[in-house]
file work.tsv (TSV, C-alpha atoms)
chain	number	residue	atom	x	y	z
A	250	MET	CA	21.78	3.01	-9.23
A	251	LYS	CA	19.40	4.30	-11.89
A	252	VAL	CA	15.80	5.20	-11.12
A	253	TYR	CA	14.72	2.71	-13.78
A	254	ASP	CA	16.58	-0.16	-12.08
A	255	LEU	CA	14.82	0.48	-8.79
A	256	VAL	CA	11.38	0.91	-10.38
A	257	ALA	CA	11.77	-2.36	-12.28
A	258	ALA	CA	12.89	-4.17	-9.10
A	259	LEU	CA	9.95	-2.78	-7.10
A	260	LEU	CA	7.45	-3.82	-9.76
A	261	SER	CA	8.93	-7.31	-9.90
A	262	VAL	CA	8.96	-7.92	-6.15
A	263	ALA	CA	5.49	-6.40	-5.70
A	264	GLU	CA	4.18	-8.86	-8.28
A	265	LYS	CA	5.90	-11.74	-6.48
A	266	GLY	CA	4.21	-10.62	-3.27
A	267	ALA	CA	0.86	-10.40	-5.05
A	268	ASN	CA	1.40	-13.91	-6.39
A	269	ILE	CA	1.93	-15.24	-2.86
A	270	ALA	CA	-1.31	-13.56	-1.78
A	271	ARG	CA	-3.15	-15.23	-4.68
A	272	ILE	CA	-1.61	-18.63	-4.01
A	273	ILE	CA	-2.65	-18.58	-0.36
A	274	ARG	CA	-6.22	-17.81	-1.45
A	275	SER	CA	-6.21	-20.53	-4.14
A	276	GLU	CA	-4.45	-23.47	-2.47
A	277	SER	CA	-6.83	-25.55	-0.34
A	278	SER	CA	-4.15	-26.55	2.18
A	279	LEU	CA	-3.50	-22.88	2.93
A	280	LEU	CA	-6.99	-21.50	2.43
A	281	GLU	CA	-8.52	-23.90	4.97
A	282	LEU	CA	-6.42	-22.28	7.69
A	283	LEU	CA	-7.63	-18.83	6.71
A	284	VAL	CA	-11.27	-19.91	6.52
A	285	GLN	CA	-11.03	-21.46	9.97
A	286	GLU	CA	-9.66	-18.24	11.36
A	287	LYS	CA	-12.38	-16.24	9.66
A	288	LYS	CA	-15.08	-18.43	11.21
A	289	GLY	CA	-13.40	-18.56	14.58
A	290	LYS	CA	-13.73	-22.36	14.82
A	291	GLN	CA	-10.04	-23.26	14.72
A	292	LYS	CA	-8.70	-25.94	16.99
A	293	ASN	CA	-5.51	-24.02	17.66
A	294	GLU	CA	-6.37	-20.35	17.78
A	295	ARG	CA	-2.84	-19.14	18.36
A	296	PHE	CA	-1.35	-20.96	15.38
A	297	LEU	CA	-4.04	-19.91	12.97
A	298	GLN	CA	-3.80	-16.34	14.15
A	299	ASP	CA	-0.07	-16.45	13.47
A	300	PHE	CA	-0.69	-17.84	10.02
A	301	LYS	CA	-2.87	-14.89	9.19
A	302	THR	CA	0.05	-12.61	10.03
A	303	LEU	CA	2.49	-14.94	8.30
A	304	ALA	CA	1.00	-14.06	4.92
A	305	ASP	CA	1.85	-10.39	5.58
A	306	VAL	CA	5.31	-11.19	6.91
A	307	LEU	CA	6.22	-13.43	3.97
A	308	VAL	CA	5.47	-10.67	1.50
A	309	GLN	CA	7.29	-8.12	3.66
A	310	GLU	CA	10.39	-10.28	4.03
A	311	LEU	CA	10.30	-11.19	0.34
A	312	VAL	CA	10.51	-7.50	-0.56
A	313	LYS	CA	13.41	-7.04	1.86
A	314	PHE	CA	15.22	-10.12	0.55
A	315	ASP	CA	14.91	-9.24	-3.13
A	316	LEU	CA	15.83	-5.58	-2.70
A	317	LYS	CA	18.83	-6.16	-0.47
A	318	THR	CA	20.03	-8.88	-2.88
A	319	LYS	CA	19.86	-6.50	-5.85
A	320	PHE	CA	20.90	-3.39	-3.92
A	321	PRO	CA	23.03	-4.41	-0.89
A	322	GLY	CA	23.38	-0.81	0.27
A	323	MET	CA	19.65	-0.66	1.08
A	324	ALA	CA	19.63	-3.66	3.44
A	325	ASP	CA	19.30	-1.65	6.66
A	326	SER	CA	16.86	0.91	5.25
A	327	ILE	CA	13.87	-1.30	4.40
A	328	HIS	CA	11.04	-1.07	6.93
A	329	GLY	CA	7.75	-2.94	7.25
A	330	GLU	CA	4.72	-3.26	9.45
A	331	GLU	CA	5.13	-6.76	10.80
A	332	SER	CA	7.27	-8.42	13.44
A	333	THR	CA	9.11	-11.45	12.07
A	334	LYS	CA	9.00	-13.57	15.26
A	335	PHE	CA	6.58	-16.47	15.48
A	336	THR	CA	5.92	-19.05	18.18
A	337	ASN	CA	4.50	-22.39	17.06
A	338	THR	CA	2.33	-24.74	19.12
A	339	LEU	CA	5.43	-26.50	20.45
A	340	GLY	CA	6.57	-23.24	22.02
A	341	ASP	CA	9.44	-22.76	19.58
A	342	THR	CA	10.13	-19.15	18.57
A	343	VAL	CA	11.21	-18.78	14.96
A	344	ARG	CA	12.33	-15.62	13.17
A	345	VAL	CA	10.99	-15.68	9.62
A	346	GLU	CA	13.67	-14.65	7.14
A	347	ILE	CA	13.85	-15.62	3.49
A	348	GLN	CA	16.76	-17.99	2.95
A	349	ASP	CA	19.12	-18.24	-0.03
A	350	THR	CA	17.56	-21.44	-1.43
A	351	PRO	CA	13.99	-22.77	-1.72
A	352	GLU	CA	14.94	-25.79	0.38
A	353	GLU	CA	16.27	-23.67	3.24
A	354	THR	CA	13.20	-21.43	3.18
A	355	GLN	CA	10.94	-24.49	3.15
A	356	ASN	CA	12.70	-25.95	6.18
A	357	LEU	CA	12.30	-22.70	8.12
A	358	LEU	CA	8.62	-22.34	7.20
A	359	ARG	CA	8.00	-25.94	8.21
A	360	GLN	CA	9.03	-25.00	11.75
A	361	VAL	CA	6.62	-22.08	11.83
A	362	LEU	CA	3.79	-24.14	10.34
A	363	ASP	CA	4.06	-27.01	12.81
A	364	GLU	CA	5.64	-29.39	10.28
A	365	ASN	CA	3.00	-28.67	7.59
A	366	ASP	CA	5.36	-29.59	4.76
A	367	THR	CA	2.82	-29.06	1.98
A	368	ALA	CA	2.14	-25.47	3.00
A	369	ALA	CA	5.85	-24.79	3.52
A	370	ARG	CA	6.74	-26.18	0.07
A	371	ILE	CA	4.03	-24.21	-1.75
A	372	LEU	CA	5.02	-20.94	-0.11
A	373	SER	CA	8.76	-21.50	-0.55
A	374	LYS	CA	8.29	-22.15	-4.27
A	375	ALA	CA	6.29	-18.93	-4.68
A	376	ILE	CA	8.93	-16.93	-2.79
A	377	HIS	CA	11.83	-18.07	-4.94
A	378	ILE	CA	10.15	-18.02	-8.34
A	379	GLN	CA	11.49	-15.51	-10.85
A	380	THR	CA	8.89	-12.95	-11.94
A	381	ALA	CA	9.29	-10.99	-15.16
A	382	VAL	CA	7.62	-7.61	-15.48
A	383	LYS	CA	6.54	-6.93	-19.04
A	384	ASP	CA	7.26	-3.61	-20.71
A	385	ALA	CA	9.21	-2.32	-17.76
A	386	GLY	CA	11.73	-0.87	-20.21
A	387	LEU	CA	9.26	1.47	-21.89
A	388	PHE	CA	10.33	4.31	-19.60
A	389	ALA	CA	14.04	3.44	-19.37
A	390	ASP	CA	15.14	6.61	-21.16
A	391	GLN	CA	12.96	8.89	-19.02
A	392	LEU	CA	14.10	7.19	-15.81
A	393	ASP	CA	17.82	7.36	-16.61
A	394	HIS	CA	18.59	9.33	-13.46
A	395	ASP	CA	21.09	8.43	-10.77
A	396	LEU	CA	20.04	7.71	-7.20
A	397	ILE	CA	22.23	7.84	-4.09
A	398	VAL	CA	21.64	4.50	-2.39
A	399	ASP	CA	22.60	5.77	1.06
A	400	ASP	CA	19.79	8.35	0.83
A	401	LEU	CA	17.03	5.82	0.16
A	402	GLY	CA	14.58	4.31	2.62
A	403	VAL	CA	11.68	1.93	1.93
A	404	TRP	CA	8.29	1.44	3.61
A	405	ILE	CA	6.29	-1.73	2.91
A	406	ASP	CA	2.67	-2.58	3.60
A	407	PRO	CA	2.72	-6.21	2.47
A	408	ILE	CA	-1.05	-6.88	2.40
A	409	ASP	CA	-3.09	-3.76	2.92
A	410	SER	CA	-6.71	-4.45	3.90
A	411	THR	CA	-5.91	-7.78	5.51
A	412	GLY	CA	-9.46	-8.14	6.81
A	413	GLN	CA	-10.86	-8.13	3.27
A	414	TYR	CA	-8.13	-10.58	2.24
A	415	ILE	CA	-9.02	-13.08	4.94
A	416	GLN	CA	-12.75	-12.71	4.36
A	417	GLY	CA	-12.25	-13.34	0.65
A	418	ASP	CA	-15.47	-11.89	-0.75
A	419	ILE	CA	-15.81	-10.67	-4.34
A	420	GLY	CA	-16.69	-7.00	-4.35
A	421	GLN	CA	-18.95	-5.19	-6.79
A	422	GLU	CA	-17.80	-2.06	-8.59
A	423	GLU	CA	-19.85	1.11	-8.33
A	424	ALA	CA	-18.79	4.36	-10.01
A	425	GLY	CA	-15.36	2.90	-10.64
A	426	LEU	CA	-14.73	1.95	-7.01
A	427	VAL	CA	-15.11	-1.32	-5.10
A	428	THR	CA	-16.39	-0.79	-1.55
A	429	GLU	CA	-15.22	-4.10	-0.08
A	430	GLY	CA	-13.88	-7.47	-1.17
A	431	LEU	CA	-10.62	-8.89	-2.46
A	432	GLN	CA	-10.31	-6.09	-5.02
A	433	CYS	CA	-9.58	-3.75	-2.09
A	434	VAL	CA	-6.39	-5.64	-1.19
A	435	SER	CA	-3.07	-4.14	-2.27
A	436	VAL	CA	0.68	-4.54	-1.91
A	437	LEU	CA	2.19	-1.12	-1.18
A	438	ILE	CA	5.88	-0.24	-1.55
A	439	GLY	CA	7.25	3.27	-1.20
A	440	VAL	CA	10.76	4.70	-1.46
A	441	TYR	CA	11.58	7.95	0.31
A	442	SER	CA	14.56	10.27	0.55
A	443	LYS	CA	16.20	10.12	3.95
A	444	SER	CA	17.50	13.66	3.59
A	445	THR	CA	14.18	15.30	2.69
A	446	GLY	CA	11.70	12.77	4.07
A	447	LEU	CA	9.67	13.01	0.86
A	448	PRO	CA	8.35	9.93	-0.99
A	449	ILE	CA	10.01	9.62	-4.40
A	450	ILE	CA	8.94	6.24	-5.85
A	451	GLY	CA	5.74	4.28	-5.25
A	452	VAL	CA	4.12	1.04	-6.37
A	453	ILE	CA	0.55	-0.12	-5.73
A	454	ASN	CA	-0.11	-3.70	-6.81
A	455	GLN	CA	-3.67	-5.09	-6.73
A	456	PRO	CA	-3.34	-8.89	-6.55
A	457	PHE	CA	-7.10	-9.35	-7.13
A	458	ALA	CA	-7.88	-6.69	-9.71
A	459	CYS	CA	-9.89	-8.88	-12.07
A	460	LEU	CA	-11.60	-12.29	-11.86
A	461	ASN	CA	-11.65	-14.03	-15.25
A	462	ASP	CA	-14.24	-16.48	-16.56
A	463	ASP	CA	-12.17	-19.43	-15.28
A	464	GLY	CA	-12.32	-18.16	-11.71
A	465	VAL	CA	-8.66	-17.09	-11.73
A	466	TRP	CA	-7.63	-13.75	-10.30
A	467	THR	CA	-5.24	-11.49	-12.18
A	468	GLY	CA	-3.58	-8.38	-10.84
A	469	SER	CA	-2.59	-4.92	-11.95
A	470	ALA	CA	-0.02	-2.37	-10.86
A	471	VAL	CA	0.45	1.39	-10.88
A	472	TRP	CA	3.73	3.17	-10.19
A	473	GLY	CA	4.90	6.75	-9.91
A	474	VAL	CA	8.17	8.67	-9.62
A	475	SER	CA	8.55	12.19	-8.23
A	476	ILE	CA	12.15	13.33	-7.88
A	477	ALA	CA	12.90	17.03	-8.24
A	478	ASP	CA	11.60	18.00	-11.69
A	479	LEU	CA	11.00	14.38	-12.75
A	480	ASN	CA	7.34	13.42	-12.41
A	481	LEU	CA	6.37	10.28	-14.27
A	482	ASN	CA	3.96	7.40	-13.72
A	483	SER	CA	2.44	4.40	-15.40
A	484	LEU	CA	-0.81	6.30	-15.90
A	485	ALA	CA	0.98	8.24	-18.64
A	486	LEU	CA	1.41	5.05	-20.63
A	487	ASP	CA	-0.51	5.06	-23.91
A	488	SER	CA	-3.16	2.33	-23.82
A	489	SER	CA	-2.09	1.27	-27.31
A	490	SER	CA	1.14	-0.10	-25.81
A	491	ASN	CA	-0.83	-3.00	-24.26
A	492	SER	CA	1.20	-2.72	-21.09
A	493	HIS	CA	-0.02	-4.62	-18.07
A	494	LEU	CA	0.81	-1.63	-15.88
A	495	SER	CA	-2.05	0.67	-16.77
A	496	SER	CA	-4.25	1.69	-19.67
A	497	THR	CA	-5.60	4.76	-17.92
A	498	SER	CA	-5.24	8.06	-19.75
A	499	PHE	CA	-2.95	10.70	-18.30
A	500	PRO	CA	-3.66	12.76	-16.38
A	501	PRO	CA	-6.44	10.66	-14.84
A	502	GLN	CA	-9.85	12.18	-15.45
A	503	PRO	CA	-12.83	11.65	-13.14
A	504	ASP	CA	-15.83	9.93	-14.64
A	505	SER	CA	-18.17	12.13	-16.66
A	506	ASP	CA	-20.83	11.80	-13.95
A	507	LYS	CA	-20.67	15.04	-11.96
A	508	SER	CA	-21.32	13.24	-8.69
A	509	THR	CA	-18.16	11.14	-9.13
A	510	LYS	CA	-16.05	14.25	-9.68
A	511	GLN	CA	-17.20	15.56	-6.32
A	512	THR	CA	-16.61	12.43	-4.27
A	513	ILE	CA	-14.48	12.44	-1.15
A	514	LEU	CA	-13.37	9.12	0.30
A	515	ILE	CA	-13.60	8.71	4.07
A	516	SER	CA	-13.09	6.08	6.74
A	517	SER	CA	-15.99	4.25	8.34
A	518	ILE	CA	-14.85	5.63	11.73
A	519	GLU	CA	-14.86	9.27	10.63
A	520	SER	CA	-16.61	11.63	13.06
A	521	GLN	CA	-20.10	12.87	12.30
A	522	ASN	CA	-18.95	16.48	12.57
A	523	ILE	CA	-16.40	16.02	9.77
A	524	ARG	CA	-18.96	14.15	7.68
A	525	ASP	CA	-21.41	17.01	8.06
A	526	ILE	CA	-18.87	19.60	6.94
A	527	LEU	CA	-17.71	17.59	3.92
A	528	ALA	CA	-21.25	16.68	2.88
A	529	LYS	CA	-22.02	20.34	2.24
A	530	ASN	CA	-20.04	20.28	-1.01
A	531	TYR	CA	-19.16	16.63	-1.68
A	532	ASN	CA	-20.60	13.18	-1.91
A	533	LEU	CA	-19.02	10.99	0.75
A	534	ARG	CA	-18.08	7.39	0.20
A	535	HIS	CA	-16.41	4.77	2.35
A	536	ILE	CA	-14.38	2.02	0.72
A	537	SER	CA	-12.08	-0.50	2.42
A	538	GLY	CA	-8.32	-0.21	2.49
A	539	ALA	CA	-6.07	2.83	2.72
A	540	GLY	CA	-4.20	1.71	-0.38
A	541	ASN	CA	-7.46	1.16	-2.22
A	542	LYS	CA	-8.65	4.67	-1.35
A	543	LEU	CA	-5.39	6.27	-2.44
A	544	LEU	CA	-5.36	4.22	-5.65
A	545	GLY	CA	-8.92	5.30	-6.44
A	546	LEU	CA	-7.87	8.89	-5.91
A	547	SER	CA	-4.86	8.46	-8.21
A	548	LEU	CA	-7.11	7.02	-10.90
A	549	GLY	CA	-9.36	10.05	-10.78
A	550	LYS	CA	-12.32	8.27	-9.17
A	551	ALA	CA	-12.54	10.80	-6.32
A	552	ALA	CA	-11.47	14.35	-5.56
A	553	GLY	CA	-9.77	13.56	-2.26
A	554	TYR	CA	-9.40	11.34	0.79
A	555	VAL	CA	-9.89	12.81	4.26
A	556	LEU	CA	-9.02	10.99	7.49
A	557	THR	CA	-8.94	12.87	10.79
A	558	GLN	CA	-8.16	9.86	13.01
A	559	ASN	CA	-4.71	8.60	14.04
A	560	THR	CA	-5.20	5.28	12.27
A	561	ILE	CA	-2.97	5.50	9.20
A	562	PHE	CA	0.76	4.78	9.12
A	563	LYS	CA	3.90	5.50	7.12
A	564	TRP	CA	3.71	2.14	5.36
A	565	ASP	CA	0.12	2.84	4.27
A	566	CYS	CA	0.96	6.14	2.60
A	567	CYS	CA	4.55	6.19	1.34
A	568	GLY	CA	4.04	4.38	-1.99
A	569	PRO	CA	0.69	5.97	-2.90
A	570	HIS	CA	2.01	9.38	-1.82
A	571	ALA	CA	4.82	9.18	-4.39
A	572	ILE	CA	2.26	8.39	-7.10
A	573	LEU	CA	0.08	11.32	-6.05
A	574	ARG	CA	3.09	13.65	-6.11
A	575	SER	CA	3.88	12.49	-9.65
A	576	LEU	CA	0.34	13.61	-10.56
A	577	GLY	CA	0.79	17.06	-9.03
A	578	GLY	CA	-0.94	16.16	-5.76
A	579	GLY	CA	0.17	14.94	-2.38
A	580	ILE	CA	-0.72	14.09	1.21
A	581	VAL	CA	-0.72	16.61	4.06
A	582	ALA	CA	-1.59	16.23	7.73
A	583	PHE	CA	-5.21	17.04	8.49
A	584	SER	CA	-4.08	18.84	11.65
A	585	ASP	CA	-1.89	21.20	9.56
A	586	PHE	CA	-4.73	21.61	7.09
A	587	GLU	CA	-7.13	22.48	9.91
A	588	ARG	CA	-4.73	25.08	11.33
A	589	LEU	CA	-4.44	26.72	7.90
A	590	SER	CA	-8.21	26.92	7.61
A	591	LEU	CA	-8.30	28.80	10.91
A	592	SER	CA	-5.61	31.29	9.88
A	593	GLU	CA	-5.70	34.24	7.54
A	594	GLU	CA	-3.39	32.47	5.10
A	595	ASN	CA	-4.95	30.86	2.05
A	596	ASP	CA	-1.88	29.44	0.31
A	597	VAL	CA	-2.13	25.65	0.36
A	598	CYS	CA	1.49	25.52	-0.81
A	599	LEU	CA	2.37	26.39	2.80
A	600	LEU	CA	1.14	22.98	3.90
A	601	PRO	CA	4.08	20.59	4.38
A	602	GLN	CA	3.86	17.14	2.84
A	603	ILE	CA	3.81	14.08	5.10
A	604	MET	CA	7.39	13.00	5.87
A	605	TYR	CA	8.68	9.43	6.12
A	606	ASN	CA	12.10	9.81	7.74
A	607	ARG	CA	10.97	10.65	11.28
A	608	GLN	CA	8.44	9.93	14.00
A	609	ASP	CA	5.53	12.34	14.29
A	610	VAL	CA	5.33	12.05	18.08
A	611	GLU	CA	8.42	11.68	20.25
A	612	GLY	CA	8.16	8.95	22.85
A	613	ALA	CA	5.55	6.91	20.98
A	614	VAL	CA	6.02	3.14	21.19
A	615	GLY	CA	5.29	0.20	18.90
A	616	ALA	CA	3.43	0.88	15.69
A	617	GLN	CA	2.36	4.28	17.01
A	618	LYS	CA	5.92	5.47	16.40
A	619	TRP	CA	5.12	5.47	12.70
A	620	CYS	CA	1.54	6.68	12.82
A	621	ASN	CA	0.66	9.76	10.78
A	622	HIS	CA	-0.58	11.61	13.85
A	623	GLY	CA	-3.08	14.30	12.98
A	624	GLY	CA	-4.71	12.36	10.16
A	625	ILE	CA	-4.28	13.06	6.44
A	626	VAL	CA	-5.77	14.89	3.49
A	627	ALA	CA	-4.81	13.29	0.16
A	628	TYR	CA	-5.39	15.03	-3.16
A	629	THR	CA	-4.36	15.19	-6.82
A	630	SER	CA	-5.18	18.87	-7.35
A	631	PRO	CA	-4.04	21.87	-5.27
A	632	THR	CA	-7.26	23.55	-6.47
A	633	PHE	CA	-9.27	20.91	-4.61
A	634	LEU	CA	-7.16	21.47	-1.50
A	635	LYS	CA	-7.82	25.22	-1.66
A	636	GLU	CA	-11.57	24.59	-1.99
A	637	LEU	CA	-11.45	22.26	0.98
A	638	VAL	CA	-9.65	24.83	3.12
A	639	SER	CA	-12.41	27.30	2.30
A	640	LEU	CA	-15.02	24.76	3.31
A	641	PHE	CA	-13.47	24.36	6.76
A	642	ARG	CA	-12.84	28.08	7.25
A	643	PRO	CA	-15.18	29.50	9.92
A	644	LYS	CA	-17.97	31.62	8.46
A	645	THR	CA	-18.04	35.22	9.65
call {"tool": "encode", "arguments": {"input": "work.tsv", "output": "structure tokens"}}
result
Amino acid sequence: MKVYDLVAALLSVAEKGANIARIIRSESSLLELLVQEKKGKQKNERFLQDFKTLADVLVQELVKFDLKTKFPGMADSIHGEESTKFTNTLGDTVRVEIQDTPEETQNLLRQVLDENDTAARILSKAIHIQTAVKDAGLFADQLDHDLIVDDLGVWIDPIDSTGQYIQGDIGQEEAGLVTEGLQCVSVLIGVYSKSTGLPIIGVINQPFACLNDDGVWTGSAVWGVSIADLNLNSLALDSSSNSHLSSTSFPPQPDSDKSTKQTILISSIESQNIRDILAKNYNLRHISGAGNKLLGLSLGKAAGYVLTQNTIFKWDCCGPHAILRSLGGGIVAFSDFERLSLSEENDVCLLPQIMYNRQDVEGAVGAQKWCNHGGIVAYTSPTFLKELVSLFRPKT
């Protein structure tokens, strides 16, 4: 398998997933279910709650289906956030798996959706449609490297920032970042090396990147590759190529406004103590969605992203982490970062990158098995990381 083949496949399936997310928001027969759940006035709370998760699972299983069809050797190495078991109002338990034909998939979805044939047909059609990715061959020569299939694992976050997706508001941009709204939603796919644990290929697809004058959402995608000495991403693409992938200059430059250059992205649940320390040297800003934060960082809209809580997972970080590595940055555990700041060492290169081939805490159960325990610090510049270590170092 060539790197190019896998990148092209990831871009294609991420766009198919983004298309499903857009269809669910645009089709009245599907949207009504989401709106009822949002308002909490549904007649059948359990079913509607399942449907909310079904949107995530459909995208997740679509990625698995397409990748294992194109690359059979990866079938057992593709991991996602969601359970695939659903129980409908009749008490029937159904495992959601994409079938070989649209008709078979429609029949299965009809069982999950309590015989809602219209919804099942619309979703099945979107799942099995062929999606072409324009200009994917522009980097074919640079990505002509061989990959060992048995060494590859995949993490998927099918719809990151699900709350914003269900709520469906249109966010407003400020200093290049959208705080909340559909623009914060993303499809995240990351490939990692099983032998090293490092992320090597990442895709971030924004299904709702731009709302045109006709009220139709269009998306955008960013990808990155970091394998040994190969570091390449769609941000390096010349804007004159008219590629849909990205028209951002490379490397990404923060906005000319000095305050934007010194922005650190944080979570709304971040502790006041951490906020106080960071606020000494940086402007702090909260925006929704882990993928949205990491994308904003990759695009040069912030200097870093700091999260000290155990609320971010392998599937949130793997894809964006590969993109950051292709830019010369990365993601490290905040707990490791904090220990370094308390030591006499000042070499940020000593900080290990987040790994994706193992659990952080032995004995953890459920989703916590794949939590990035100890929080994260994401960055594009080692210089920024060194400055941050100095900020946390106790004053003598």
call {"tool": "closest_residue", "arguments": {"input": "work.tsv", "among": "A:Leu640, A:Val427, A:Ile376, A:Leu479", "to": "A:Ile450", "atoms": "only C-alpha atoms"}}
result
A:Leu479
call {"tool": "atom_distance", "arguments": {"input": "work.tsv", "atom1": "atom CA of A:Gln413", "atom2": "atom CA of A:Pro448"}}
result
26.7 Å
call {"tool": "closest_residue", "arguments": {"input": "work.tsv", "among": "A:Leu280, A:Leu303, A:Leu576, A:Leu316", "to": "A:Phe335", "atoms": "all atoms listed in the file"}}
result
A:Leu303
call {"tool": "atom_distance", "arguments": {"input": "work.tsv", "atom1": "atom CA of A:Gly568", "atom2": "atom CA of A:Leu311"}}
result
16.9 Å
call {"tool": "residues_around", "arguments": {"input": "work.tsv", "residues": "A:Gly578", "least_positions_apart": "2", "cutoff": "7 Å", "atoms": "all atoms listed in the file", "output": "PyMOL selection string"}}
result
chain A and resi 573-574+576+628-631
call {"tool": "residues_around", "arguments": {"input": "work.tsv", "residues": "A:Lys529", "least_positions_apart": "4", "cutoff": "12 Å", "atoms": "all atoms listed in the file", "output": "ChimeraX atom specification"}}
result
/A:511-513,522-525,533,637,639-641
call {"tool": "write_last_selection", "arguments": {"input": "work.tsv", "atoms": "C-alpha atoms", "output": "PDB file, keeping the file's coordinate frame"}}
result
ATOM      1  CA  GLN A 511     -17.200  15.560  -6.320  1.00  0.00           C
ATOM      2  CA  THR A 512     -16.610  12.430  -4.270  1.00  0.00           C
ATOM      3  CA  ILE A 513     -14.480  12.440  -1.150  1.00  0.00           C
ATOM      4  CA  ASN A 522     -18.950  16.480  12.570  1.00  0.00           C
ATOM      5  CA  ILE A 523     -16.400  16.020   9.770  1.00  0.00           C
ATOM      6  CA  ARG A 524     -18.960  14.150   7.680  1.00  0.00           C
ATOM      7  CA  ASP A 525     -21.410  17.010   8.060  1.00  0.00           C
ATOM      8  CA  LEU A 533     -19.020  10.990   0.750  1.00  0.00           C
ATOM      9  CA  LEU A 637     -11.450  22.260   0.980  1.00  0.00           C
ATOM     10  CA  SER A 639     -12.410  27.300   2.300  1.00  0.00           C
ATOM     11  CA  LEU A 640     -15.020  24.760   3.310  1.00  0.00           C
ATOM     12  CA  PHE A 641     -13.470  24.360   6.760  1.00  0.00           C
TER      13      PHE A 641
END
call {"tool": "atom_distance", "arguments": {"input": "work.tsv", "atom1": "atom CA of A:Gly402", "atom2": "atom CA of A:Leu514"}}
result
28.5 Å
call {"tool": "closest_residue", "arguments": {"input": "work.tsv", "among": "A:Gly425, A:Gly329, A:Gly417, A:Gly577", "to": "A:Trp404", "atoms": "all atoms listed in the file"}}
result
A:Gly329
call {"tool": "residues_near_point", "arguments": {"input": "work.tsv", "point": "(8.7, 12.2, 7.3)", "cutoff": "12 Å", "atoms": "only C-alpha atoms", "output": "ChimeraX atom specification"}}
result
/A:402-404,440-448,562-564,566-567,570,580-582,601-610,618-622
call {"tool": "closest_residue", "arguments": {"input": "work.tsv", "among": "A:Asp585, A:Asp305, A:Asp315, A:Asp366", "to": "A:Asp349", "atoms": "all atoms listed in the file"}}
result
A:Asp315
call {"tool": "axis_aligned_box", "arguments": {"input": "work.tsv", "around": "stretch 444-447 of chain A", "padding_each_side": "8 Å", "output": "lines of an AutoDock Vina configuration file"}}
result
center_x = 13.6
center_y = 14.0
center_z = 2.5
size_x = 23.8
size_y = 18.5
size_z = 19.2
call {"tool": "closest_residue", "arguments": {"input": "work.tsv", "among": "A:Ala424, A:Leu460, A:Leu372, A:Ile536", "to": "A:Glu276", "atoms": "only C-alpha atoms"}}
result
A:Leu372
call {"tool": "residues_around", "arguments": {"input": "work.tsv", "residues": "stretch 250-259 of chain A", "least_positions_apart": "6", "cutoff": "10 Å", "atoms": "only C-alpha atoms", "output": "MDAnalysis selection string"}}
result
chainID A and resid 265 312 315:316 319:320 381:398 437:440 449:453 472:474 476
